[in-house]
>>> print(open('target_36.txt').read())   # compact mmCIF, C-alpha atoms
# COMPACT_ATOMS: atom_id res chain seq x y z
CA MET U 3 -6.86 -17.90 -6.68
CA SER U 4 -7.70 -17.29 -3.06
CA ALA U 5 -11.06 -15.99 -1.92
CA ALA U 6 -12.80 -15.86 1.41
CA ALA U 7 -16.35 -17.10 1.68
CA GLY U 8 -18.92 -14.48 2.57
CA GLY U 9 -18.36 -10.85 3.36
CA SER U 10 -16.71 -9.00 6.15
CA ALA U 11 -17.48 -6.09 8.42
CA LEU U 12 -15.53 -2.92 7.69
CA GLN U 13 -13.61 -0.81 10.16
CA VAL U 14 -12.34 2.60 9.05
CA HIS U 15 -9.16 4.27 10.29
CA VAL U 16 -7.66 7.63 9.32
CA ILE U 17 -4.04 8.70 9.41
CA ARG U 18 -2.46 12.01 8.45
CA VAL U 19 1.22 11.84 7.56
CA GLY U 20 3.13 15.11 7.81
CA PRO U 21 5.88 16.85 5.86
CA GLY U 22 9.15 14.95 5.48
CA GLN U 23 7.75 11.63 6.65
CA GLU U 24 7.97 8.54 4.43
CA LEU U 25 4.42 7.51 3.53
CA LEU U 26 4.75 3.74 3.01
CA GLY U 27 6.75 3.23 6.21
CA SER U 28 4.32 5.42 8.16
CA LEU U 29 1.38 3.36 6.90
CA GLN U 30 3.08 0.09 7.77
CA ALA U 31 3.89 1.39 11.28
CA PHE U 32 0.24 2.45 11.68
CA VAL U 33 -0.93 -1.04 10.64
CA ASP U 34 1.51 -2.69 13.07
CA GLU U 35 0.58 -0.34 15.93
CA ARG U 36 -3.14 -1.00 15.46
CA GLN U 37 -2.57 -4.73 14.74
CA LEU U 38 -4.66 -4.59 11.57
CA ARG U 39 -4.84 -7.99 9.87
CA ALA U 40 -6.65 -7.24 6.59
CA PRO U 41 -5.93 -3.55 5.87
CA PHE U 42 -6.32 -1.73 2.57
CA ILE U 43 -6.34 1.83 1.26
CA ILE U 44 -9.78 3.36 0.79
CA THR U 45 -8.57 6.79 -0.36
CA CYS U 46 -5.62 9.13 -0.11
CA VAL U 47 -4.95 12.76 -0.97
CA GLY U 48 -1.70 14.59 -0.48
CA SER U 49 1.64 15.36 -2.05
CA VAL U 50 5.17 13.98 -2.16
CA THR U 51 8.60 15.27 -3.12
CA LYS U 52 10.12 11.88 -3.91
CA ALA U 53 8.94 8.45 -4.97
CA THR U 54 10.40 5.15 -6.09
CA LEU U 55 8.15 3.14 -8.41
CA ARG U 56 8.49 -0.24 -10.07
CA LEU U 57 7.14 -0.01 -13.59
CA ALA U 58 4.65 -2.33 -15.27
CA ASN U 59 7.20 -4.20 -17.38
CA ALA U 60 9.07 -5.60 -14.37
CA THR U 61 9.02 -9.34 -13.76
CA ALA U 62 9.94 -11.49 -10.78
CA THR U 63 13.34 -12.16 -12.35
CA ASN U 64 13.87 -8.60 -13.67
CA THR U 65 12.73 -6.14 -11.04
CA ASN U 66 15.18 -3.46 -12.19
CA GLU U 67 12.55 -1.45 -14.10
CA VAL U 68 12.45 1.22 -11.41
CA LEU U 69 11.73 4.95 -11.67
CA HIS U 70 13.10 7.39 -9.08
CA LEU U 71 11.15 10.65 -8.98
CA SER U 72 12.13 13.93 -7.37
CA GLY U 73 10.09 17.15 -7.36
CA CYS U 74 6.61 18.15 -6.22
CA PHE U 75 3.84 15.69 -7.05
CA GLU U 76 0.18 15.46 -6.09
CA ILE U 77 -1.04 12.01 -5.10
CA VAL U 78 -4.00 11.48 -7.42
CA SER U 79 -4.45 7.83 -6.47
CA LEU U 80 -3.07 5.38 -3.93
CA VAL U 81 -4.57 1.89 -3.86
CA GLY U 82 -3.70 -1.53 -2.52
CA THR U 83 -3.35 -3.78 0.48
CA LEU U 84 -1.29 -2.94 3.56
CA ASN U 85 -0.49 -6.27 5.14
CA ARG U 86 3.15 -6.86 6.16
CA ASP U 87 4.25 -7.14 2.52
CA ALA U 88 2.20 -4.17 1.31
CA HIS U 89 1.17 -4.06 -2.34
CA LEU U 90 0.44 -0.45 -3.25
CA HIS U 91 0.12 1.32 -6.57
CA VAL U 92 0.37 5.09 -6.78
CA CYS U 93 -0.43 7.63 -9.48
CA LEU U 94 1.28 11.02 -9.18
CA ALA U 95 0.74 14.28 -11.08
CA ASP U 96 3.51 16.82 -11.62
CA GLY U 97 3.19 20.61 -11.72
CA GLU U 98 1.97 20.48 -15.32
CA GLY U 99 -0.65 17.80 -14.67
CA ARG U 100 1.29 14.96 -16.30
CA THR U 101 0.80 11.67 -14.49
CA VAL U 102 3.02 8.69 -13.80
CA GLY U 103 2.24 5.60 -11.81
CA GLY U 104 3.47 2.23 -10.73
CA HIS U 105 4.07 -0.13 -7.85
CA ALA U 106 5.15 1.92 -4.82
CA LEU U 107 8.51 0.65 -3.59
CA GLY U 108 8.86 3.37 -0.98
CA ASP U 109 10.79 6.60 -0.70
CA LEU U 110 7.42 8.42 -0.80
CA GLU U 111 8.49 11.54 1.07
CA VAL U 112 5.48 13.64 2.04
CA PHE U 113 5.58 17.28 0.88
CA THR U 114 2.69 19.00 2.67
CA THR U 115 0.41 16.20 3.86
CA ALA U 116 -0.94 12.76 3.10
CA GLU U 117 -4.44 12.12 4.40
CA VAL U 118 -5.13 8.42 4.18
CA VAL U 119 -8.34 6.53 4.93
CA VAL U 120 -7.52 2.90 5.72
CA GLY U 121 -10.13 0.15 5.77
CA GLU U 122 -9.88 -3.17 7.49
CA ALA U 123 -11.92 -6.23 6.62
CA SER U 124 -12.39 -7.24 10.23
CA HIS U 125 -13.37 -10.87 9.53
CA LEU U 126 -10.48 -11.59 7.17
CA LEU U 127 -6.73 -12.12 7.26
CA PHE U 128 -4.43 -10.98 4.41
CA THR U 129 -1.13 -12.76 3.86
CA ARG U 130 1.15 -13.21 0.85
CA GLU U 131 2.64 -16.33 -0.68
CA THR U 132 4.90 -16.66 -3.68
CA ASP U 133 2.83 -17.60 -6.71
CA VAL U 134 4.52 -20.11 -9.01
CA GLN U 135 2.93 -18.54 -12.10
CA THR U 136 3.92 -14.93 -11.44
CA GLY U 137 6.97 -15.39 -9.24
CA PHE U 138 5.70 -12.59 -6.99
CA PRO U 139 4.26 -12.79 -3.48
CA GLU U 140 0.51 -12.68 -4.18
CA LEU U 141 -2.41 -11.96 -1.88
CA VAL U 142 -3.96 -14.83 0.07
CA VAL U 143 -7.30 -14.09 1.79
CA GLN U 144 -8.44 -16.27 4.67
CA PRO U 145 -11.21 -16.08 7.25
CA ARG U 146 -9.83 -14.62 10.46
CA GLN U 147 -9.50 -16.95 13.40
CA GLU U 148 -10.36 -15.08 16.58
CA ARG U 149 -7.54 -14.79 19.07
CA ARG U 150 -8.05 -16.63 22.32
>>> encode(input="target_36.txt", output="structure tokens")
Amino acid sequence: MSAAAGGSALQVHVIRVGPGQELLGSLQAFVDERQLRAPFIITCVGSVTKATLRLANATATNTNEVLHLSGCFEIVSLVGTLNRDAHLHVCLADGEGRTVGGHALGDLEVFTTAEVVVGEASHLLFTRETDVQTGFPELVVQPRQERR
């Protein structure tokens, strides 16, 4: 387990992603453009017409448990970290209110809008390293070294 000692100041950023844009790629471009080093999703509202999700029963050696969605879906939750190897989970509701969720692999095509509030722990650095127990790249939190 990796934990940073003490707390961190919080910076808040907001991005609105428009119709037809891919949400995950847009968020990663935003993080790169702003050079955020410990970014995470605070909240998100919006809608998508497509999504590709990895389901809960996937493992590091069997990542084929993937669901491809097409249609109109409301984003009822989007959570996770946005460092270079983003780890996001999304919950989507269809036109009848049924929900489905999983690990967002991408292909999240925005329908009308996606309004995303992004936080950054300004005294921390998020990276990922492969964990021998899980086989997945897991979050590593370190104190941020100031650039000189």
>>> closest_residue(input="target_36.txt", among="U:Val119, U:Leu90, U:Ala31, U:Val134", to="U:His15", atoms="all atoms listed in the file")
U:Val119
>>> atom_distance(input="target_36.txt", atom1="atom CA of U:Leu69", atom2="atom CA of U:Thr54")
5.7 Å
>>> atom_distance(input="target_36.txt", atom1="atom CA of U:Arg100", atom2="atom CA of U:Val19")
24.1 Å
>>> residues_around(input="target_36.txt", residues="U:Gly82", least_positions_apart="2", cutoff="10 Å", atoms="only C-alpha atoms", output="ChimeraX atom specification")
/U:41-45,80,84-85,88-92,105-106
>>> closest_residue(input="target_36.txt", among="U:Gly137, U:Pro21, U:Pro145, U:Gly27", to="U:Thr51", atoms="all atoms listed in the file")
U:Pro21
>>> axis_aligned_box(input="target_36.txt", around="stretch 118-136 of chain U", padding_each_side="8 Å", output="lines of an AutoDock Vina configuration file")
center_x = -4.2
center_y = -5.8
center_z = -0.9
size_x = 34.3
size_y = 44.5
size_z = 38.3
>>> closest_residue(input="target_36.txt", among="U:Asp34, U:Glu76, U:Asp87, U:Glu67", to="U:Arg130", atoms="all atoms listed in the file")
U:Asp87
>>> residues_around(input="target_36.txt", residues="U:Glu131", least_positions_apart="3", cutoff="9 Å", atoms="all atoms listed in the file", output="list in words")
Phe138, Pro139, Glu140, Leu141 and Val142 of chain U
>>> write_last_selection(input="target_36.txt", atoms="C-alpha atoms", output="compact mmCIF listing (two decimals), in the frame of the given file")
# COMPACT_ATOMS: atom_id res chain seq x y z
CA PHE U 138 5.70 -12.59 -6.99
CA PRO U 139 4.26 -12.79 -3.48
CA GLU U 140 0.51 -12.68 -4.18
CA LEU U 141 -2.41 -11.96 -1.88
CA VAL U 142 -3.96 -14.83 0.07
